[in-house]
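To be precise, the following lines are query.cif, and they hold mmCIF, C-alpha atoms.
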data_run
#
loop_
_atom_site.label_atom_id
_atom_site.label_comp_id
_atom_site.auth_asym_id
_atom_site.auth_seq_id
_atom_site.Cartn_x
_atom_site.Cartn_y
_atom_site.Cartn_z
CA MET A 65 -12.54 37.42 -11.65
CA SER A 66 -9.93 38.60 -9.12
CA GLU A 67 -6.23 38.50 -9.82
CA ASP A 68 -4.23 35.30 -9.48
CA TYR A 69 -1.90 35.23 -6.44
CA TYR A 70 1.16 34.40 -8.55
CA ARG A 71 0.45 37.38 -10.78
CA ILE A 72 -0.04 39.65 -7.79
CA LEU A 73 3.47 38.84 -6.58
CA GLY A 74 4.93 38.60 -10.09
CA VAL A 75 6.39 35.10 -9.69
CA ASP A 76 6.19 31.87 -11.69
CA ARG A 77 3.96 29.03 -10.51
CA ASP A 78 7.01 26.93 -9.63
CA ALA A 79 8.68 29.70 -7.63
CA SER A 80 10.37 28.65 -4.38
CA THR A 81 9.27 29.92 -0.99
CA LYS A 82 12.36 32.10 -0.85
CA GLU A 83 11.51 33.70 -4.22
CA ILE A 84 7.92 34.32 -3.07
CA LYS A 85 9.07 36.00 0.13
CA ARG A 86 11.54 38.14 -1.82
CA ALA A 87 8.81 39.19 -4.24
CA TYR A 88 6.49 39.97 -1.32
CA ARG A 89 9.04 42.27 0.33
CA LYS A 90 9.56 44.11 -2.96
CA GLN A 91 5.83 44.57 -3.56
CA ALA A 92 5.11 45.46 0.06
CA ALA A 93 7.77 48.16 0.00
CA GLN A 94 6.09 49.65 -3.06
CA TYR A 95 2.45 49.50 -1.94
CA HIS A 96 2.53 49.80 1.85
CA PRO A 97 -0.06 52.48 2.74
CA ASP A 98 2.48 54.31 4.88
CA VAL A 99 4.84 54.91 1.95
CA SER A 100 2.73 54.73 -1.20
CA ASP A 101 0.70 57.57 -2.69
CA ALA A 102 -1.23 55.24 -5.04
CA ALA A 103 -5.01 55.52 -4.72
CA ASN A 104 -5.39 51.75 -4.36
CA ALA A 105 -2.33 51.22 -2.17
CA GLU A 106 -4.21 49.87 0.86
CA GLU A 107 -6.27 47.38 -1.15
CA ARG A 108 -3.23 46.34 -3.17
CA PHE A 109 -1.21 45.78 0.00
CA LYS A 110 -3.94 43.52 1.39
CA GLN A 111 -3.87 41.45 -1.82
CA ILE A 112 -0.09 41.18 -1.72
CA LYS A 113 -0.14 40.05 1.91
CA LYS A 114 -2.88 37.49 1.28
CA ALA A 115 -1.01 36.10 -1.73
CA LYS A 116 2.17 35.76 0.31
CA GLU A 117 0.41 34.04 3.22
CA VAL A 118 -1.19 31.43 0.96
CA LEU A 119 1.81 30.75 -1.30
CA THR A 120 4.32 30.37 1.55
CA ASP A 121 2.15 27.79 3.30
CA PRO A 122 2.91 24.41 1.63
CA ASP A 123 -0.54 22.94 2.23
CA GLU A 124 -2.52 26.07 1.38
CA ARG A 125 -0.43 26.49 -1.76
CA ALA A 126 -1.13 22.89 -2.80
CA ARG A 127 -4.85 23.46 -2.17
CA TYR A 128 -4.74 26.73 -4.12
CA ASP A 129 -3.01 25.05 -7.09
CA GLN A 130 -5.52 22.21 -7.04
CA LEU A 131 -8.68 24.33 -6.83
CA GLY A 132 -7.61 27.29 -8.95
CA HIS A 133 -7.92 30.92 -7.92
CA ASP A 134 -11.68 31.45 -8.20
CA GLN A 135 -12.74 28.22 -6.46
CA TYR A 136 -10.16 28.79 -3.72
CA GLU A 137 -11.52 32.30 -3.12
CA GLN A 138 -15.06 30.94 -2.90
CA ALA A 139 -13.94 28.24 -0.45
CA ALA A 140 -12.16 30.88 1.64
CA LYS A 141 -15.33 32.97 1.87
CA HIS A 142 -17.17 29.98 3.33
CA GLY A 143 -14.35 29.09 5.72
CA ALA A 144 -13.40 25.92 3.81
CA THR A 145 -9.70 26.81 3.68
CA GLY A 146 -7.21 28.07 6.20
CA ALA A 147 -7.03 31.42 4.42
CA GLY A 148 -9.34 34.31 3.78
CA ARG A 149 -10.91 34.62 7.24
CA SER A 150 -11.38 38.24 8.19
CA ASP A 151 -11.45 39.79 11.62
CA GLY A 152 -14.38 42.01 10.64
CA PHE A 153 -12.33 45.12 9.77
CA GLY A 154 -10.52 43.91 6.69
CA GLY A 155 -7.65 42.37 8.61
CA MET A 156 -6.38 38.89 7.78
CA GLY A 157 -6.45 37.58 11.33
CA GLY A 158 -7.02 34.01 10.15
CA PHE A 159 -3.45 33.67 8.94
CA GLY A 160 -2.25 33.30 12.51
CA ASP A 161 -4.33 30.12 12.60
CA ILE A 162 -2.68 28.84 9.42
CA PHE A 163 0.78 29.44 10.84
CA GLU A 164 -0.25 27.74 14.07
CA GLN A 165 -1.66 24.73 12.22
CA PHE A 166 1.25 23.94 9.99
CA PHE A 167 4.35 25.49 11.50
CA GLY A 168 3.64 25.36 15.23
CA GLY A 169 4.02 29.15 15.69
CA GLY A 170 1.07 31.45 15.45
CA GLY A 171 -0.18 34.11 17.77
CA ARG A 172 -3.15 32.03 18.86
CA ARG A 173 -1.64 29.19 20.74
CA ASN A 174 -4.28 26.52 20.37
CA GLY A 175 -3.94 22.85 21.22
CA PRO A 176 -2.78 20.05 18.93
CA ARG A 177 -4.09 20.15 15.37
CA ARG A 178 -4.21 17.32 12.93
CA GLY A 179 -2.40 17.72 9.60
CA GLN A 180 -4.15 18.08 6.27
CA HIS A 181 -5.08 15.13 4.06
CA ILE A 182 -3.20 14.61 0.78
CA ARG A 183 -4.73 13.12 -2.36
CA THR A 184 -3.08 11.11 -5.13
CA SER A 185 -4.14 8.40 -7.60
CA VAL A 186 -3.14 4.92 -8.73
CA SER A 187 -3.91 3.01 -11.96
CA LEU A 188 -4.60 -0.74 -12.14
CA ASP A 189 -5.37 -3.26 -14.84
CA LEU A 190 -8.41 -5.51 -14.49
CA GLU A 191 -6.32 -8.52 -13.47
CA GLU A 192 -4.87 -6.54 -10.55
CA ALA A 193 -8.34 -5.40 -9.52
CA TYR A 194 -9.50 -9.04 -9.65
CA SER A 195 -6.76 -10.58 -7.54
CA GLY A 196 -5.67 -7.57 -5.44
CA ALA A 197 -2.18 -6.13 -5.62
CA ARG A 198 0.58 -4.28 -3.83
CA LYS A 199 1.54 -1.07 -5.65
CA ARG A 200 4.51 1.17 -4.99
CA ILE A 201 3.66 4.85 -5.31
CA SER A 202 5.76 8.00 -5.03
CA ILE A 203 4.34 11.22 -3.61
CA THR A 204 5.74 14.63 -2.71
CA ARG A 205 4.29 15.83 0.57
CA PRO A 206 5.01 18.42 3.28
CA GLU A 207 7.00 16.92 6.11
CA ARG A 208 8.72 18.22 9.20
CA CYS A 209 12.01 19.55 7.88
CA PRO A 210 14.65 16.84 8.49
CA GLU A 211 17.49 19.36 8.66
CA CYS A 212 16.13 21.59 11.44
CA ASP A 213 13.63 19.07 12.89
CA GLY A 214 10.77 21.47 12.26
CA ARG A 215 12.21 24.39 14.23
CA GLY A 216 12.78 26.62 11.19
CA TYR A 217 16.31 27.54 12.32
CA PRO A 218 19.60 25.69 12.88
CA ALA A 219 20.30 24.21 16.28
CA ASP A 220 23.19 26.64 16.86
CA ALA A 221 21.20 29.77 15.89
CA GLN A 222 20.66 32.45 18.49
CA VAL A 223 17.02 32.72 19.59
CA ARG A 224 15.65 36.01 20.94
CA THR A 225 12.24 37.19 22.07
CA CYS A 226 10.66 39.25 19.29
CA PRO A 227 11.06 42.93 20.30
CA GLN A 228 8.01 44.01 18.31
CA CYS A 229 5.40 41.75 19.95
CA GLN A 230 7.34 40.94 23.14
CA GLY A 231 6.96 37.23 22.46
CA SER A 232 3.16 37.17 22.14
CA GLY A 233 3.17 36.51 18.40
CA GLN A 234 0.58 39.27 17.93
CA GLU A 235 0.70 43.02 17.55
CA ARG A 236 -1.94 45.71 17.93
CA ILE A 237 -2.59 48.05 15.04
CA VAL A 238 -4.48 51.30 15.62
CA GLN A 239 -6.25 52.88 12.64
CA ASN A 240 -8.08 56.17 12.35
CA THR A 241 -11.43 55.73 10.58
CA PRO A 242 -14.53 57.90 10.05
CA PHE A 243 -15.99 55.97 13.00
CA GLY A 244 -13.09 56.75 15.29
CA ARG A 245 -9.93 54.90 16.26
CA ILE A 246 -10.13 51.15 15.71
CA GLN A 247 -7.68 48.77 17.29
CA GLN A 248 -6.92 45.46 15.60
CA THR A 249 -4.87 42.49 16.66
CA GLN A 250 -2.98 40.65 13.96
CA THR A 251 -0.07 38.27 13.52
CA CYS A 252 3.21 39.99 14.23
CA ARG A 253 4.80 41.02 10.94
CA ARG A 254 8.34 40.76 12.23
CA CYS A 255 8.31 37.23 13.66
CA GLU A 256 5.23 36.04 11.67
CA GLY A 257 3.56 34.82 14.85
CA ALA A 258 6.42 32.77 16.27
CA GLY A 259 7.13 35.19 19.12
CA GLU A 260 10.84 34.75 18.51
CA THR A 261 13.48 35.90 16.07
CA TYR A 262 16.53 33.94 15.03
CA SER A 263 20.00 34.90 13.95
CA GLU A 264 19.74 32.40 11.09
CA ILE A 265 16.95 30.45 9.40
CA CYS A 266 17.08 26.93 8.01
CA HIS A 267 17.99 27.15 4.33
CA ARG A 268 16.29 23.88 3.45
CA CYS A 269 12.79 24.97 4.53
CA ASP A 270 13.35 28.76 4.39
CA GLY A 271 12.46 29.02 8.04
CA SER A 272 9.02 27.45 7.78
CA GLY A 273 9.91 24.20 9.59
CA VAL A 274 8.18 22.25 6.81
CA SER A 275 9.78 21.05 3.59
CA ARG A 276 8.36 19.13 0.65
CA GLU A 277 9.93 15.68 0.56
CA GLN A 278 9.45 12.67 -1.70
CA ALA A 279 8.11 9.51 -0.09
CA ARG A 280 7.73 6.03 -1.54
CA LEU A 281 4.88 3.98 -0.07
CA THR A 282 3.39 0.53 -0.62
CA VAL A 283 -0.38 0.48 -1.14
CA GLU A 284 -2.39 -2.68 -0.50
CA ILE A 285 -5.09 -2.93 -3.20
CA PRO A 286 -8.04 -5.12 -2.11
CA ALA A 287 -9.47 -7.62 -4.59
CA GLY A 288 -12.62 -6.39 -6.33
CA ILE A 289 -11.91 -2.65 -6.17
CA GLU A 290 -13.57 -0.43 -8.80
CA SER A 291 -12.71 2.79 -10.59
CA GLY A 292 -13.78 5.81 -8.58
CA GLN A 293 -13.21 4.23 -5.18
CA THR A 294 -10.75 5.81 -2.75
CA LEU A 295 -8.30 4.08 -0.44
CA ARG A 296 -7.10 5.71 2.78
CA MET A 297 -3.65 5.35 4.34
CA GLN A 298 -3.87 6.73 7.86
CA GLY A 299 -1.09 8.98 9.07
CA GLU A 300 0.57 9.38 5.66
CA GLY A 301 -0.63 12.93 5.00
CA ALA A 302 0.75 16.32 6.07
CA PRO A 303 2.25 16.72 9.55
CA GLY A 304 0.16 18.08 12.41
CA SER A 305 1.12 20.91 14.71
CA SER A 306 1.60 21.26 18.46
CA GLY A 307 1.74 17.49 18.83
CA GLY A 308 -1.23 16.84 16.54
CA SER A 309 -1.36 13.69 14.44
CA GLN A 310 -0.57 13.54 10.73
CA GLY A 311 -3.33 13.72 8.15
CA ASP A 312 -4.19 10.80 5.87
CA LEU A 313 -3.25 9.94 2.30
CA LEU A 314 -6.29 9.49 0.03
CA ILE A 315 -5.68 7.37 -3.07
CA ASP A 316 -8.16 7.55 -5.95
CA VAL A 317 -8.29 4.28 -7.91
CA GLU A 318 -8.69 3.97 -11.67
CA VAL A 319 -9.06 0.54 -13.30
CA ALA A 320 -8.13 0.42 -17.00
CA GLU A 321 -10.45 -1.05 -19.62
CA HIS A 322 -9.77 -4.66 -20.68
CA PRO A 323 -9.60 -5.83 -24.31
CA VAL A 324 -11.74 -8.95 -23.63
CA PHE A 325 -13.81 -8.40 -20.49
CA GLN A 326 -16.25 -5.55 -19.85
CA ARG A 327 -17.07 -4.85 -16.22
CA ASP A 328 -20.51 -4.06 -14.85
CA GLY A 329 -20.19 -3.75 -11.07
CA ASP A 330 -19.28 -7.22 -9.83
CA ASP A 331 -20.25 -8.91 -13.12
CA LEU A 332 -18.10 -9.41 -16.18
CA HIS A 333 -19.19 -9.66 -19.82
CA ARG A 334 -17.34 -11.20 -22.74
CA GLN A 335 -17.96 -12.47 -26.27
CA VAL A 336 -17.75 -16.27 -26.69
CA PRO A 337 -17.48 -17.47 -30.30
CA ILE A 338 -18.77 -20.96 -31.17
CA SER A 339 -18.96 -22.85 -34.46
CA PHE A 340 -22.19 -23.37 -36.39
CA PRO A 341 -22.32 -27.15 -35.74
CA ARG A 342 -21.93 -26.61 -32.00
CA ALA A 343 -24.73 -24.08 -32.06
CA VAL A 344 -26.94 -26.57 -33.93
CA PHE A 345 -26.12 -29.76 -32.03
CA GLY A 346 -25.07 -28.31 -28.66
CA ALA A 347 -21.74 -28.77 -26.90
CA THR A 348 -19.76 -28.27 -23.73
CA ILE A 349 -17.08 -25.61 -24.21
CA ASP A 350 -14.35 -24.06 -22.06
CA VAL A 351 -14.64 -20.32 -21.41
CA GLU A 352 -11.61 -18.30 -20.33
CA THR A 353 -12.18 -16.22 -17.17
CA LEU A 354 -9.88 -13.99 -15.12
CA ASP A 355 -9.13 -17.06 -12.99
CA GLU A 356 -9.27 -20.49 -14.61
CA PRO A 357 -11.32 -21.83 -17.56
CA ARG A 358 -14.92 -22.72 -16.75
CA SER A 359 -17.13 -25.23 -18.56
CA LEU A 360 -20.24 -23.86 -20.28
CA GLU A 361 -23.11 -25.97 -21.58
CA VAL A 362 -24.35 -24.78 -24.98
CA PRO A 363 -27.77 -26.34 -25.63
CA PRO A 364 -28.80 -27.43 -29.17
CA GLY A 365 -30.25 -24.65 -31.29
CA THR A 366 -28.38 -21.82 -29.50
CA GLN A 367 -28.71 -18.55 -31.39
CA SER A 368 -26.07 -15.89 -31.91
CA GLY A 369 -26.51 -13.11 -29.35
CA GLU A 370 -27.90 -15.32 -26.58
CA ARG A 371 -26.46 -14.83 -23.08
CA LYS A 372 -25.29 -17.61 -20.81
CA ARG A 373 -24.41 -16.95 -17.16
CA LEU A 374 -21.47 -18.54 -15.35
CA ARG A 375 -22.21 -18.15 -11.64
CA GLY A 376 -19.33 -16.93 -9.48
CA ALA A 377 -16.93 -16.32 -12.38
CA GLY A 378 -17.04 -12.51 -12.11
CA MET A 379 -15.25 -10.00 -9.87
CA PRO A 380 -14.76 -10.52 -6.13
CA ARG A 381 -17.28 -8.66 -3.94
CA MET A 382 -15.42 -6.40 -1.53
CA ARG A 383 -18.13 -6.16 1.14
CA ARG A 384 -20.53 -9.09 0.71
CA GLY A 385 -17.98 -11.78 -0.10
CA GLY A 386 -18.09 -14.22 -2.98
CA HIS A 387 -17.97 -13.26 -6.65
CA GLY A 388 -20.21 -11.77 -9.29
CA ASP A 389 -21.06 -13.65 -12.50
CA LEU A 390 -19.58 -13.91 -15.96
CA ILE A 391 -22.10 -13.31 -18.73
CA ALA A 392 -21.06 -15.04 -21.94
CA HIS A 393 -22.44 -13.43 -25.11
CA ILE A 394 -22.69 -16.25 -27.67
CA GLN A 395 -21.44 -15.40 -31.15
CA VAL A 396 -22.08 -18.06 -33.82
CA VAL A 397 -19.19 -17.92 -36.27
CA THR A 398 -19.86 -18.52 -39.98
CA PRO A 399 -16.82 -20.10 -41.69
CA GLU A 400 -15.31 -18.14 -44.55
CA SER A 401 -14.14 -21.22 -46.49
CA LEU A 402 -15.27 -24.86 -46.66
CA SER A 403 -13.70 -28.13 -47.70
CA PRO A 404 -15.57 -30.08 -50.40
CA GLU A 405 -16.85 -32.51 -47.78
CA GLU A 406 -18.14 -29.69 -45.55
CA ARG A 407 -19.78 -28.01 -48.49
CA GLU A 408 -21.53 -31.20 -49.56
CA ALA A 409 -22.75 -31.85 -46.02
CA LEU A 410 -24.20 -28.36 -45.66
CA GLU A 411 -25.90 -28.56 -49.07
CA ALA A 412 -27.50 -31.81 -48.00
CA PHE A 413 -28.57 -30.19 -44.73
CA ALA A 414 -30.20 -27.30 -46.54
CA ALA A 415 -31.87 -29.60 -49.07
CA ALA A 416 -33.28 -31.75 -46.29
CA GLY A 417 -35.04 -28.66 -45.06
CA GLY A 418 -36.92 -28.35 -48.36
CA GLU A 419 -34.73 -25.62 -49.85
CA GLU A 420 -33.18 -25.93 -53.31
CA ILE A 421 -29.61 -24.80 -53.29
CA ASP A 422 -28.33 -22.57 -56.09
CA VAL A 423 -24.62 -22.58 -55.35
CA SER A 424 -23.96 -19.66 -57.64
CA GLU A 425 -26.39 -17.57 -55.59
CA GLY A 426 -24.43 -18.15 -52.38
CA LEU A 427 -24.65 -21.16 -50.13
CA PHE A 428 -24.85 -19.37 -46.80
CA GLU A 429 -27.43 -16.85 -47.91
CA LYS A 430 -29.71 -19.80 -48.82
CA LEU A 431 -28.71 -21.62 -45.66
CA ARG A 432 -29.65 -18.69 -43.44
CA ARG A 433 -33.06 -18.45 -45.10
CA SER A 434 -33.61 -22.18 -44.65
CA LEU A 435 -32.98 -21.85 -40.93
#
Hey, can you dump this file as structure tokens for me?
Amino acid sequence: MSEDYYRILGVDRDASTKEIKRAYRKQAAQYHPDVSDAANAEERFKQIKKAKEVLTDPDERARYDQLGHDQYEQAAKHGATGAGRSDGFGGMGGFGDIFEQFFGGGGRRNGPRRGQHIRTSVSLDLEEAYSGARKRISITRPERCPECDGRGYPADAQVRTCPQCQGSGQERIVQNTPFGRIQQTQTCRRCEGAGETYSEICHRCDGSGVSREQARLTVEIPAGIESGQTLRMQGEGAPGSSGGSQGDLLIDVEVAEHPVFQRDGDDLHRQVPISFPRAVFGATIDVETLDEPRSLEVPPGTQSGERKRLRGAGMPRMRRGGHGDLIAHIQVVTPESLSPEEREALEAFAAAGGEEIDVSEGLFEKLRRSL
């Protein structure tokens, strides 16, 4: 297991971008191969730089926090994140692409790039899932900094061409190796790929051009939605770069369990208690649904545990239209106390079936055996 990026830089997980950059400069000054005599200085410097690149990028940092260190490293090896791409000689050339994607700088000046998707969740009760709902949600997402309009520096700051890369956003590094002199191209360390330097940076976004802002949105919940489904709000994700469109907001839905109804896809199940006489003689009863009461025919001789289906009284079908069914689980209720008249009538009923009734032995035990 490799070392966590926060530990590498020696910062807390809620550290600000400014604190991360300060920690990076301190660590880099200690482990830079040109000044450090430590045996592992070069490898340590690469780790420090990689940690800084990921944790100062709002979207990469959010992805890193979500996946965890090991899964993020694995994703980076397979090119599934913006970080971790190597130029073949141990350089972190891919970070120019990250800067380009999110902050509009970067040494590789590609065309417009769409912003990253953001994921959140919303909880509903079964009634809301049945009828559909409008839910207000609050998310914190990266947005173009409102103070500097995404520039990364105040409007009155002095802008100069970077003297180190001459405005290209990239610098060439020459290294002596056992195989000879190798020349690499990497993102300019002075301007971080922007090609320009500024007399002052925006204090709200620490010069990145992107700040994390809170947004309140209204989500339209369609009737019939289930737990595990995901809604998509187009254009409500992270901002794009170089004129690219915003990413989307993905909303994972969770529907809470209900105290009366159990859901099975588009069908609903519930217990329906009926009295013993109604079970014996049959009846028409009203059954509560998530909409309005529905009439249910209980035929004579209905047994406890039988299922009766009410067509169209279940959940709305999102794609096919119509509704699922309500399955009523009949539960014959045995009374706990009887009036003298009820007791006499039931004794007569049992006796008519050829069963002698010993009241002291328990009326309903005898009654059950007679049935």
Sorted by chain and rising residue number, list the residues of stretch 326-381 of chain A at most 9 Å from stretch 287-311 of chain A (counting all atoms listed in the file), each with its closest atom pair and distance in Å to one decimal, as JSON lines.
{"residue": "A:Gly329", "atom": "CA", "partner": "A:Glu290", "partner_atom": "CA", "distance": 7.7}
{"residue": "A:Asp330", "atom": "CA", "partner": "A:Gly288", "partner_atom": "CA", "distance": 7.6}
{"residue": "A:Met379", "atom": "CA", "partner": "A:Gly288", "partner_atom": "CA", "distance": 5.7}
{"residue": "A:Pro380", "atom": "CA", "partner": "A:Gly288", "partner_atom": "CA", "distance": 4.7}
{"residue": "A:Arg381", "atom": "CA", "partner": "A:Gly288", "partner_atom": "CA", "distance": 5.7}
Polymer residues at most 10 Å from (10.5, 22.6, 9.2) by all atoms listed in the file, as a PyMOL selection string: chain A and resi 166-168+206-217+266+268-276
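Between atom CA of A:Glu264 and atom CA of A:Gln222 there is a distance of 7.5 Å.
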Which residues, written as a compact mmCIF listing (two decimals) with C-alpha atoms, in the coordinates of the input, have at least one atom at most 9 Å from A:Pro399, with only C-alpha atoms counted and residues fewer than 2 positions away on the same chain left out?
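Contents of the output file selection-v3.txt:
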# COMPACT_ATOMS: atom_id res chain seq x y z
CA SER A 339 -18.96 -22.85 -34.46
CA PHE A 340 -22.19 -23.37 -36.39
CA VAL A 397 -19.19 -17.92 -36.27
CA SER A 401 -14.14 -21.22 -46.49
CA LEU A 402 -15.27 -24.86 -46.66
For atom CA of A:Leu410 and atom CA of A:Lys372, the interatomic separation in Å (one decimal): 27.1 Å
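Taking atom CA of A:Leu390 and atom CA of A:Arg198 as endpoints, the distance between them is 25.4 Å.
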Residue list as number ranges by chain for point (-6.8, 5.7, -4.4), cut-off 9 Å, all atoms listed in the file: A: 183-187, 283, 285, 292-296, 313-318
Explicit residues for the PyMOL selection byres ((chain A and resi 85) around 12) (as a list in words):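 Here the PyMOL selection byres ((chain A and resi 85) around 12) matches Tyr70, Leu73, Gly74, Val75, Ala79, Ser80, Thr81, Lys82, Glu83, Ile84, Arg86, Ala87, Tyr88, Arg89, Lys90, Gln91, Ala92, Ile112, Lys113, Ala115, Lys116, Glu117, Val118, Leu119, Thr120, Asp121, Asp270, Gly271 and Ser272 of chain A.
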Residues matched by the PyMOL selection byres ((chain A and resi 355-366) around 12), written as number ranges by chain: A: 190-192, 194-195, 336-354, 367-380, 387, 389-396, 435
For the selection you just gave me, I'd like the residues written to a file as a CSV table (one decimal), in the frame of the given file, keeping C-alpha atoms.
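Output file part_27.csv is given in full below:
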chain,number,residue,atom,x,y,z
A,190,LEU,CA,-8.4,-5.5,-14.5
A,191,GLU,CA,-6.3,-8.5,-13.5
A,192,GLU,CA,-4.9,-6.5,-10.6
A,194,TYR,CA,-9.5,-9.0,-9.6
A,195,SER,CA,-6.8,-10.6,-7.5
A,336,VAL,CA,-17.8,-16.3,-26.7
A,337,PRO,CA,-17.5,-17.5,-30.3
A,338,ILE,CA,-18.8,-21.0,-31.2
A,339,SER,CA,-19.0,-22.8,-34.5
A,340,PHE,CA,-22.2,-23.4,-36.4
A,341,PRO,CA,-22.3,-27.2,-35.7
A,342,ARG,CA,-21.9,-26.6,-32.0
A,343,ALA,CA,-24.7,-24.1,-32.1
A,344,VAL,CA,-26.9,-26.6,-33.9
A,345,PHE,CA,-26.1,-29.8,-32.0
A,346,GLY,CA,-25.1,-28.3,-28.7
A,347,ALA,CA,-21.7,-28.8,-26.9
A,348,THR,CA,-19.8,-28.3,-23.7
A,349,ILE,CA,-17.1,-25.6,-24.2
A,350,ASP,CA,-14.4,-24.1,-22.1
A,351,VAL,CA,-14.6,-20.3,-21.4
A,352,GLU,CA,-11.6,-18.3,-20.3
A,353,THR,CA,-12.2,-16.2,-17.2
A,354,LEU,CA,-9.9,-14.0,-15.1
A,367,GLN,CA,-28.7,-18.6,-31.4
A,368,SER,CA,-26.1,-15.9,-31.9
A,369,GLY,CA,-26.5,-13.1,-29.4
A,370,GLU,CA,-27.9,-15.3,-26.6
A,371,ARG,CA,-26.5,-14.8,-23.1
A,372,LYS,CA,-25.3,-17.6,-20.8
A,373,ARG,CA,-24.4,-17.0,-17.2
A,374,LEU,CA,-21.5,-18.5,-15.4
A,375,ARG,CA,-22.2,-18.2,-11.6
A,376,GLY,CA,-19.3,-16.9,-9.5
A,377,ALA,CA,-16.9,-16.3,-12.4
A,378,GLY,CA,-17.0,-12.5,-12.1
A,379,MET,CA,-15.2,-10.0,-9.9
A,380,PRO,CA,-14.8,-10.5,-6.1
A,387,HIS,CA,-18.0,-13.3,-6.6
A,389,ASP,CA,-21.1,-13.6,-12.5
A,390,LEU,CA,-19.6,-13.9,-16.0
A,391,ILE,CA,-22.1,-13.3,-18.7
A,392,ALA,CA,-21.1,-15.0,-21.9
A,393,HIS,CA,-22.4,-13.4,-25.1
A,394,ILE,CA,-22.7,-16.2,-27.7
A,395,GLN,CA,-21.4,-15.4,-31.2
A,396,VAL,CA,-22.1,-18.1,-33.8
A,435,LEU,CA,-33.0,-21.8,-40.9
Residues selected by the PyMOL selection byres ((chain A and resi 322) around 12), written as an MDAnalysis selection string: chainID A and resid 188:194 319:321 323:327 332:334 354
Shell around A:Gly233 at 6 Å using only C-alpha atoms, local window under 2 positions removed, as a list in words: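 Here the qualifying residues turn out to be Gly171, Cys229, Gly231, Cys252, Gly257, Ala258 and Gly259 of chain A.
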Mind dumping the selected residues with C-alpha atoms as a compact mmCIF listing (two decimals), keeping the file's coordinate frame?
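This went into part_16.txt:
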# COMPACT_ATOMS: atom_id res chain seq x y z
CA GLY A 171 -0.18 34.11 17.77
CA CYS A 229 5.40 41.75 19.95
CA GLY A 231 6.96 37.23 22.46
CA CYS A 252 3.21 39.99 14.23
CA GLY A 257 3.56 34.82 14.85
CA ALA A 258 6.42 32.77 16.27
CA GLY A 259 7.13 35.19 19.12
Proximity to A:Val223 - best of A:Asn240, A:Pro286, A:Gln250, A:Ile265, all atoms listed in the file: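 Distance minimum relative to A:Val223 lands on A:Ile265.
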Using only C-alpha atoms: which of A:Glu277, A:Glu256, A:Asp220, A:Glu235 has the shortest distance to A:Pro122: A:Glu277
Nearest candidate to A:Gln111 (options A:Tyr128, A:His267, A:Ile72, A:Ala93; using all atoms listed in the file):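 Comparing A:Tyr128, A:His267, A:Ile72, A:Ala93 against A:Gln111, the winner is A:Ile72.
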